[in-house]
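Data first, discussion second: the structure below is written as C-alpha cells.
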Amino acid sequence: MGSLGFLHSPALGSIPLHSSSKPSRKNQHIVKQLVRAANGSQKLLERQTFLFASRIAIHRRVQHGSTISALVTDDSSTMTSTEEDTDKIYILGIDPGLESFSDHFGYRMKRYVDQKALLEKHEGGLEEFSRGYLKFGFNREEDGIVYREWAPAAQEAQLVGDFNGWNGANHKMEKNQFGVWSIRLPDSGGNPAIPHNSRVKFRFQHGNGVWVDRIPAWIKHATVDPTRFGAPYDGVYWDPPPSERYQFMHPRPPKPKAPRIYEAHVGMSSSEPRINSYREFADEILPRIRANNYNTVQLMAVMEHSYYASFGYHVTNFFAVSSRSGTPEDLKYLIDKAHSLGLRVLMDIIHSHTSNNATDGLNGFDVGQSSQESYFHNGDRGYHKLWDSRLFNYANWEVLRFLLSNLQWWLEEFRFDGFRFDGVTSMLYHHHGIDMAFTGNYNEYFSEATDVDAVVYLMLANTLIHNILPDATVIAEDVSGMPGLGRPVSEGGIGFDYRLAMAIPDKWIDYLKNKSDEDWSMKEISQSLTNRRYTEMCIAYAESHDQAIVGDKTIAFLLMDKEMYSGMSCLTEASPTVERGLALHKMVHFITMALGGEGYLNFMGNEYGHPEWIDFPREGNEWSYEKCRRQWNLVDTEHLRYRFLNAFDRAMNLLDDKFSFLESTKQIVSSTDEEDKVIVFERGDLVFVFNFHPENTYDGYKVGCDLPGKYRVALDSDAREFGGHGRVGHLVDHFTSPEGIPGVPDTNFNNRPNSFKVLSPPRTCVVYYRVEESEEESNAANLVDLTEKSAAEVVAKQESFEAAAPVEDENPITSKVKGLEAAET
C-alpha cells in the first residue's frame, strides 16, 4: 500500500543537512519529454474505460450523507472501522472496476481522516495548521520581529544580514523541543530592527562544526546581484510600509463553468529579447488575452527559481515571487488587473519536487538526518534521477505544514484563483512514472508502487484549497490517468477539479510527424479526443509549453517549418505548404477544444502560430534571450497571415461564450467516415463538421442532428477573415428532415433522428447552430454584437484601472470577428 509510515504527532526533531550540489542546470521540461516519450502516447484507460457521458447520472447514483462523507468533512472525526465503511466510498459505486481495490481506497481514506483528526487535535485544524507563514519565517509580533526556522539537526544558529553587518554573534537563536530555532528582535526607536528590503540569511552549524549560510525557508522575497555571474541569491526581508503595499481593488471574477485557459510565462512575454516585468505583462499582455475571449490565465514560473532555464520548475524559494520580473507588490498589481478584466488567475504550483541547489534553495537545509527529521526522503527515494531534484517526504509533519501553508499563502496573500499542480504523476508513484507505459490496467494505479503518503497530501491539499476558496479551479498534470484523481475527496477521490488531457498533444505530434494526411484515421482521432473517464473532467489542449520548447516543435512549425519565415505574407500567393498549415492548424486546435474536454488550454503565442521555439538563455546558446520572447509584432502586422490564426482563436472562444458548448454534457459523435475523412459530432446543440480530406469537396453532404428545425453557420474556418477561401455560403438556411422511426435509433441516420445537408470543402471545419423562430432575425447578429460589446468592456475596464499603463497596440477585439458574420441575415 505504498509508504506505510505515519506520524501520530508533530515531528520532534528534524532536518538533516546534506551539503549539496551546484544549482541544477537541467531543463526539467526537456527531461519530462523523455519520460513521456518512454511512456508512449498514453491511453488513459484501455480497460474498464468510462467514456464521457452525462455527469447528471452521478448525482442519481451517489447518495450524500453516508459515514465516509461525514468523516471527511468533519475535522474532529476519525474513522474507526475501515472495513465497515469501504462499501460506502462513493467512487466504488461509480466505477465497478474499482471494487476489487476497496482495501486500497479504505486504507488511504483512513490515512486521510486520521491525519485531519491529528491536525485538529494538535494544530487547531487543517486551515489553522496551513497558516504556518504566520509563525515561521519573519513576522511582526508585539513591537518587534520574530524569526523562526525548522532545522533540528543544526548545532547552533544565528540570524545574519545587512542589519548586523553579517555578524551573528549578537543574534544567536534558540531551539525548542521540536527542532524550531527562533529569535526576537525588538523595534528600536519605533523602527524595525531589520529594515524593509534588506538582505538576511540563516547561519547555522553542522554536526561536523562547519557553519553555512542559507536563505530562510519561508522567505517572502529573494534577489540576486545581476552584475555578478553565477552569484548566489540573498533572502530579503519584505515588509513594506503601508504606503508601498499594493491594495487590491477588484473582486475575484466568478468561476467559469468551462475554463478557457491562456498559459503564460511573464518573463518571456516581451517582444524584445529580455525579461518582461509583471507590470508590463499586466498592461500589455492581459488585454490581448482578454481580447481573445479567454477567461483564465495560468501563470508559469511564479515561485523563485535560481536557474531561469528550468522554466520555473526547479523552485528554490517557495514563498517568494520570482524577482526577475519584479516585487511581490508588482505581482499583486498583475492579478488585480486580471480580475478587473474578468480574468481568473491560476498558478503553476510545483510541489512534486524542488531544486537540487543547496546554496539558494530548500535543499541547503538537508544535512543527512533521517527522513522523519527532513524535508526530503533519504537516499534514492529522495532524489529524482531524471529531473536532478529532491523529493519531499509527504508523511512528515513539518513538510505538510510547509507545503499546505504554501498553498494558503498564494491564495490569500496574492488572491490566485486556483492552481495547476505540476508533476502529479511523479508524486503518485514510487517509480515516478519513469519507464512506465501505463496501459489502463488498474493494477498499475493501486499497488505497492502507489505512494500513499503523496496521495494523502494531495487529498489534504485539495480539501484545503476548496475550504479557503470554494470556487477555486485545481488542475492535475498527470500522464498516468489514475482513476479517481478528478473526483471529490468526499467520494474517495483525490479532489482535483480537472486533469490535463495529456494524451491529446501526443497523438497530434504522432500524426503530424509520422503519418501522411491520407493515413489519418477519423475513428482514432475521435477516440483519442473522447477517451476520458466518466465523471472526471479534463482540460484539453493541442499543444502547451511542453511542445514549444527547444528540442520539440509546435504544431505550426511541424506543419510549415521554414516557410513560416518566407511564406506568411499576404502580398504573395500562399504555397501549398502554407495553405495546408493554416487549414490544419485551425482544425487541430478547434476539434481539440470542441471534443477533447470540459475546458481548453493554449500556450502564449501558439494561438497565432508563433514561428520559433522557446530556448531560455543557457550556456548552450551563449546565454541568449533571442528565442525567449514572443513576437507580437507578427500578429499585429496586417499583411501577415499570423493574424488569421489569431482571429480564428478569438472566434473559437467567442463561440463558446455565445453557446456554452464546453460545459454541455451532451457530446455525441455521429460519424467518423474513414473514406470521406469527415468527423461529425454534436456538442450542446451545435453541429460540428470537420472535413480532413486534403482534396475532396462534398456538396450536399448529409449530417445527422438531434433537434429538428433550421440551421445556419455559426463559425467557418474557411471564411476569408480566417485566411480561407470563402467557399461556404453563410446566408444559406439548412432545413432538417426526419430520419427513420422516432425513438428507434437503429432506424435513424447515424443514430440521429434528423439530418440536413451541407457543403464541406477540404480541410475545413464548419459549425452550425439551430435558429429558433423567435431569433430568426437577431440570433446570429448577436454574435457580432457580443464582439463589439466585449470590445467596449475591455476598453472601459482598461481605462478605469488605476495606474494602468496605456497599451500601444490596437486592441484586437475592436475589429469585428468577420468570420462570424456568416450568421448575419
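Identifiers for the C-alpha cells are assigned positionally: chains receive A, B, ... in sequence, residues are indexed from 1 per chain, and ligands are indexed from 1 in the order shown.
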
Could you build a table of the residues in range 486-605 of chain A lying no more than 12 Å from range 258-267 of chain A, giving for each the nearest pair of atoms and their separation in Å rounded to one decimal place, using only C-alpha atoms, ordered by chain and ascending residue number, as JSON lines?
```
{"residue": "A:Asp497", "atom": "CA", "partner": "A:Pro259", "partner_atom": "CA", "distance": 11.0}
{"residue": "A:Tyr498", "atom": "CA", "partner": "A:Pro259", "partner_atom": "CA", "distance": 10.0}
{"residue": "A:Leu500", "atom": "CA", "partner": "A:Ile261", "partner_atom": "CA", "distance": 11.6}
{"residue": "A:Met537", "atom": "CA", "partner": "A:Ala258", "partner_atom": "CA", "distance": 10.1}
{"residue": "A:Cys538", "atom": "CA", "partner": "A:Ala258", "partner_atom": "CA", "distance": 10.2}
{"residue": "A:Ile539", "atom": "CA", "partner": "A:Pro259", "partner_atom": "CA", "distance": 8.1}
{"residue": "A:Ala540", "atom": "CA", "partner": "A:Arg260", "partner_atom": "CA", "distance": 9.7}
{"residue": "A:Tyr541", "atom": "CA", "partner": "A:Ile261", "partner_atom": "CA", "distance": 9.6}
{"residue": "A:Glu543", "atom": "CA", "partner": "A:Glu263", "partner_atom": "CA", "distance": 10.6}
{"residue": "A:Ser544", "atom": "CA", "partner": "A:Glu263", "partner_atom": "CA", "distance": 7.5}
{"residue": "A:His545", "atom": "CA", "partner": "A:Glu263", "partner_atom": "CA", "distance": 7.8}
{"residue": "A:Asp546", "atom": "CA", "partner": "A:Glu263", "partner_atom": "CA", "distance": 11.1}
{"residue": "A:Ala548", "atom": "CA", "partner": "A:Glu263", "partner_atom": "CA", "distance": 11.9}
{"residue": "A:Met593", "atom": "CA", "partner": "A:Arg260", "partner_atom": "CA", "distance": 9.2}
{"residue": "A:Ala594", "atom": "CA", "partner": "A:Arg260", "partner_atom": "CA", "distance": 11.5}
{"residue": "A:Gly597", "atom": "CA", "partner": "A:Ala258", "partner_atom": "CA", "distance": 9.4}
{"residue": "A:Glu598", "atom": "CA", "partner": "A:Ala258", "partner_atom": "CA", "distance": 6.0}
{"residue": "A:Gly599", "atom": "CA", "partner": "A:Pro259", "partner_atom": "CA", "distance": 4.9}
{"residue": "A:Tyr600", "atom": "CA", "partner": "A:Arg260", "partner_atom": "CA", "distance": 4.9}
{"residue": "A:Leu601", "atom": "CA", "partner": "A:Ile261", "partner_atom": "CA", "distance": 4.5}
{"residue": "A:Asn602", "atom": "CA", "partner": "A:Tyr262", "partner_atom": "CA", "distance": 5.2}
{"residue": "A:Phe603", "atom": "CA", "partner": "A:Glu263", "partner_atom": "CA", "distance": 4.6}
{"residue": "A:Met604", "atom": "CA", "partner": "A:Ala264", "partner_atom": "CA", "distance": 5.2}
{"residue": "A:Gly605", "atom": "CA", "partner": "A:Ala264", "partner_atom": "CA", "distance": 8.9}
```

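Those residues that approach Pro195 in chain A to within 9 Å, counting only C-alpha atoms, are Asp162, Phe163, Tyr237, Trp238 and Asp239 of chain A; same-chain residues fewer than 6 positions away are not listed.
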
Could you tell me which of A:Glu626, A:Glu663, A:Glu244, A:Glu619 comes closest to Arg274 in chain A if we count only C-alpha atoms?
->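 The answer is A:Glu626, which sits nearest to Arg274 in chain A.
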
Can you list, as a PDB file with N, CA and C atoms, in the first residue's frame, every protein, DNA or RNA residue that comes within 8 Å of Phe496 in chain A when you count only C-alpha atoms, leaving out same-chain residues fewer than 2 positions away?
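Here's the written file result01.pdb:
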```
ATOM      1  N   ASN A 462      -6.234  19.518  -1.718  1.00  0.00           N
ATOM      2  CA  ASN A 462      -7.460  19.882  -2.420  1.00  0.00           C
ATOM      3  C   ASN A 462      -8.579  20.243  -1.452  1.00  0.00           C
ATOM      4  N   VAL A 474      -8.682  23.747  -9.663  1.00  0.00           N
ATOM      5  CA  VAL A 474      -7.458  22.998  -9.386  1.00  0.00           C
ATOM      6  C   VAL A 474      -7.303  21.911 -10.438  1.00  0.00           C
ATOM      7  N   ILE A 475      -6.151  21.927 -11.105  1.00  0.00           N
ATOM      8  CA  ILE A 475      -5.902  21.043 -12.254  1.00  0.00           C
ATOM      9  C   ILE A 475      -4.687  20.182 -11.966  1.00  0.00           C
ATOM     10  N   ALA A 476      -4.755  18.914 -12.348  1.00  0.00           N
ATOM     11  CA  ALA A 476      -3.644  17.982 -12.149  1.00  0.00           C
ATOM     12  C   ALA A 476      -2.965  17.678 -13.471  1.00  0.00           C
ATOM     13  N   LEU A 485      -8.698  10.560  -9.645  1.00  0.00           N
ATOM     14  CA  LEU A 485      -7.903  11.774  -9.447  1.00  0.00           C
ATOM     15  C   LEU A 485      -8.789  13.010  -9.502  1.00  0.00           C
ATOM     16  N   GLY A 486      -9.788  12.984 -10.378  1.00  0.00           N
ATOM     17  CA  GLY A 486     -10.655  14.136 -10.586  1.00  0.00           C
ATOM     18  C   GLY A 486     -12.013  14.020  -9.926  1.00  0.00           C
ATOM     19  N   ARG A 487     -12.116  13.237  -8.847  1.00  0.00           N
ATOM     20  CA  ARG A 487     -13.361  13.169  -8.082  1.00  0.00           C
ATOM     21  C   ARG A 487     -13.140  13.756  -6.695  1.00  0.00           C
ATOM     22  N   PRO A 488     -14.197  14.288  -6.056  1.00  0.00           N
ATOM     23  CA  PRO A 488     -14.049  14.917  -4.740  1.00  0.00           C
ATOM     24  C   PRO A 488     -13.498  13.959  -3.690  1.00  0.00           C
ATOM     25  N   ILE A 494      -9.229  12.008  -5.200  1.00  0.00           N
ATOM     26  CA  ILE A 494      -8.095  12.817  -4.737  1.00  0.00           C
ATOM     27  C   ILE A 494      -8.449  14.295  -4.721  1.00  0.00           C
ATOM     28  N   TYR A 498     -10.035  19.176 -12.416  1.00  0.00           N
ATOM     29  CA  TYR A 498      -9.751  18.762 -13.788  1.00  0.00           C
ATOM     30  C   TYR A 498      -8.402  18.051 -13.822  1.00  0.00           C
ATOM     31  N   ARG A 499      -8.227  17.244 -14.840  1.00  0.00           N
ATOM     32  CA  ARG A 499      -6.908  16.737 -15.172  1.00  0.00           C
ATOM     33  C   ARG A 499      -6.569  17.206 -16.589  1.00  0.00           C
TER      34      ARG A 499
END
```

May I ask which of the residues A:Ser755, A:Asp657, A:Glu413, A:Arg618 is the closest one to Val680 in chain A, counting only C-alpha atoms?
->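 Closest candidate: A:Ser755.
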
Take CA of Cys628 in chain A and CA of Phe616 in chain A and report the distance between them in Å, one decimal.
-> 5.3 Å

Using only C-alpha atoms, which residues sit within 9 Å of range 218-224 of chain A once same-chain residues fewer than 3 positions away are excluded, as a ChimeraX atom specification?
-> /A:133,136-138,149,197,199,215,227-228,231-238,304,306,317-324,327-328,402,406

All strand (DSSP E or B) positions in range 414-550 of chain A, as a list in words = Gly418, Phe419, Arg420, Phe421, Tyr429, Thr450, Thr473, Val474, Ile475, Ala476, Tyr498, Arg499, Leu500, Cys538, Ile539, Ala540, Ile549 and Val550 of chain A

Could you find all residues in range 497-538 of chain A that DSSP calls helix (DSSP H, G or I) from the backbone, and write them as a ChimeraX atom specification?
-> /A:503-514,517-519,522-530

Coordinates-based distance that separates CA of His430 in chain A from CA of Gly179 in chain A (Å, one decimal) =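 A separation of 28.4 Å between them.
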
Can you pull out every residue within 8 Å of Leu407 in chain A, counting only C-alpha atoms, but drop anything in the same chain fewer than 4 positions away, and send it as a list of chain:residue names?
-> A:Leu403, A:Leu411, A:Ala461, A:Ile465

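Among the candidate residues A:Tyr383, A:Trp632, A:Trp508, A:Phe204, the one lying nearest to His431 in chain A is A:Tyr383, with distances computed using only C-alpha atoms.
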
For the interface of range 398-421 of chain A with range 389-393 of chain A (cut-off 10 Å, counting only C-alpha atoms), please tabulate each contacting residue of range 398-421 of chain A alongside its nearest pair of atoms and their separation in Å to one decimal, rows sorted by chain and increasing number, as CSV.
```
residue,atom,partner,partner_atom,distance
A:Glu398,CA,A:Asn393,CA,9.5
A:Val399,CA,A:Asn393,CA,6.8
A:Leu400,CA,A:Asn393,CA,8.7
A:Leu403,CA,A:Phe392,CA,9.6
```

Choose the residue, out of A:Leu582, A:Ala169, A:Val687, A:Met109, that has the smallest atom-to-atom separation from Phe756 in chain A; count only C-alpha atoms.
->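 Nearest to Phe756 in chain A: A:Val687.
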
With distances taken over only C-alpha atoms, which of A:Leu428, A:Ile183, A:Ala556, A:Ala395 is nearest to Leu645 in chain A?
-> A:Ala556
